[in-house]
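I have placed the structure first, in the form of structure tokens, so that the comments after it can refer back to it.
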Amino acid sequence: MSQEAIEAPARRPLINIPPALRYAAYRSYWFGTLASVSGFQMFQFGQYWLVYQLTGSPLFLGTIGLANAIPAIVLNLFGGVFADLFDKRRLIIVTQSITAILIFLLAADRVGNGCHMACDRTRLHCRGR
């Protein structure tokens, strides 16, 4: 071997991937969790924005924040013990499905109410009020 080949530095990859992300199963779990948490954060932002748009009150906005925080704090105390009793995969599937259904129902209710409010405003406008 030549001296140049021995002294040549090893090429470093352009992106350093953490060792845990080299496993496909963990990568799927990590990106799934990232998507879930991102979606939940968007939902919460939308919820706060909707409450503020409907009421214009910082008090109601704070009340919604408190109503979201108290169950999270109380249930997280016992959630770990509860989660250990069940199959992790099934528990994640069930809880995420319930969350998706509830968010869909909230969105459907809001769209329905939005249409009713638009119809009411149109009728009021047509009556000259």
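Chain labels A, B, ... are given in the sequence in which chains occur in the structure tokens; within each chain residues are numbered consecutively from 1, and ligands are likewise numbered from 1 in the order shown.
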
Segment 19-33 of chain A surroundings by only C-alpha atoms, 12 Å radius, close-in-sequence under 3 positions cut, as a PDB file with N, CA and C atoms, in the first residue's frame:
```pdb
ATOM      1  N   ASN A  16     -25.184  13.369   9.579  1.00  0.00           N
ATOM      2  CA  ASN A  16     -24.938  12.404  10.647  1.00  0.00           C
ATOM      3  C   ASN A  16     -26.277  11.900  11.173  1.00  0.00           C
ATOM      4  N   SER A  36     -47.811  12.476  14.711  1.00  0.00           N
ATOM      5  CA  SER A  36     -48.903  12.526  15.675  1.00  0.00           C
ATOM      6  C   SER A  36     -48.815  13.762  16.559  1.00  0.00           C
ATOM      7  N   VAL A  37     -47.648  14.021  17.091  1.00  0.00           N
ATOM      8  CA  VAL A  37     -47.469  15.185  17.965  1.00  0.00           C
ATOM      9  C   VAL A  37     -47.671  16.482  17.177  1.00  0.00           C
ATOM     10  N   SER A  38     -47.167  16.524  15.947  1.00  0.00           N
ATOM     11  CA  SER A  38     -47.360  17.722  15.119  1.00  0.00           C
ATOM     12  C   SER A  38     -48.840  17.954  14.844  1.00  0.00           C
ATOM     13  N   GLY A  39     -49.561  16.896  14.528  1.00  0.00           N
ATOM     14  CA  GLY A  39     -50.995  17.013  14.291  1.00  0.00           C
ATOM     15  C   GLY A  39     -51.740  17.473  15.524  1.00  0.00           C
ATOM     16  N   PHE A  40     -51.355  16.945  16.687  1.00  0.00           N
ATOM     17  CA  PHE A  40     -52.019  17.338  17.924  1.00  0.00           C
ATOM     18  C   PHE A  40     -51.741  18.803  18.245  1.00  0.00           C
ATOM     19  N   LYS A  88     -48.515  -2.540  23.878  1.00  0.00           N
ATOM     20  CA  LYS A  88     -48.184  -1.155  23.478  1.00  0.00           C
ATOM     21  C   LYS A  88     -48.710  -0.815  22.090  1.00  0.00           C
ATOM     22  N   ARG A  89     -48.532  -1.725  21.155  1.00  0.00           N
ATOM     23  CA  ARG A  89     -48.949  -1.457  19.777  1.00  0.00           C
ATOM     24  C   ARG A  89     -50.458  -1.256  19.697  1.00  0.00           C
ATOM     25  N   ILE A  92     -51.515   2.112  21.329  1.00  0.00           N
ATOM     26  CA  ILE A  92     -51.245   3.269  20.466  1.00  0.00           C
ATOM     27  C   ILE A  92     -52.274   3.350  19.349  1.00  0.00           C
ATOM     28  N   ILE A  93     -52.587   2.220  18.740  1.00  0.00           N
ATOM     29  CA  ILE A  93     -53.564   2.212  17.647  1.00  0.00           C
ATOM     30  C   ILE A  93     -54.938   2.669  18.153  1.00  0.00           C
ATOM     31  N   GLN A  96     -54.839   6.551  19.286  1.00  0.00           N
ATOM     32  CA  GLN A  96     -54.710   7.450  18.142  1.00  0.00           C
ATOM     33  C   GLN A  96     -55.976   7.435  17.286  1.00  0.00           C
TER      34      GLN A  96
END
```

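The coordinates place atom CA of Ala67 of chain A at 16.1 Å from atom CA of Leu102 of chain A.
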
Could you list, with a cut-off of 12 Å and counting only C-alpha atoms, the residues of segment 66-117 of chain A near segment 46-50 of chain A, each shown with its nearest atom pair and the distance in Å rounded to one decimal, rows sorted by chain and ascending number, as JSON lines?
```
{"residue": "A:Leu66", "atom": "CA", "partner": "A:Tyr48", "partner_atom": "CA", "distance": 11.4}
{"residue": "A:Ala67", "atom": "CA", "partner": "A:Tyr48", "partner_atom": "CA", "distance": 11.4}
{"residue": "A:Asn68", "atom": "CA", "partner": "A:Gln47", "partner_atom": "CA", "distance": 10.4}
{"residue": "A:Ile103", "atom": "CA", "partner": "A:Gln47", "partner_atom": "CA", "distance": 10.1}
{"residue": "A:Leu106", "atom": "CA", "partner": "A:Gln47", "partner_atom": "CA", "distance": 9.6}
{"residue": "A:Ala107", "atom": "CA", "partner": "A:Gln47", "partner_atom": "CA", "distance": 10.0}
{"residue": "A:Arg110", "atom": "CA", "partner": "A:Leu50", "partner_atom": "CA", "distance": 9.4}
{"residue": "A:Val111", "atom": "CA", "partner": "A:Leu50", "partner_atom": "CA", "distance": 11.9}
{"residue": "A:Gly114", "atom": "CA", "partner": "A:Leu50", "partner_atom": "CA", "distance": 11.5}
```
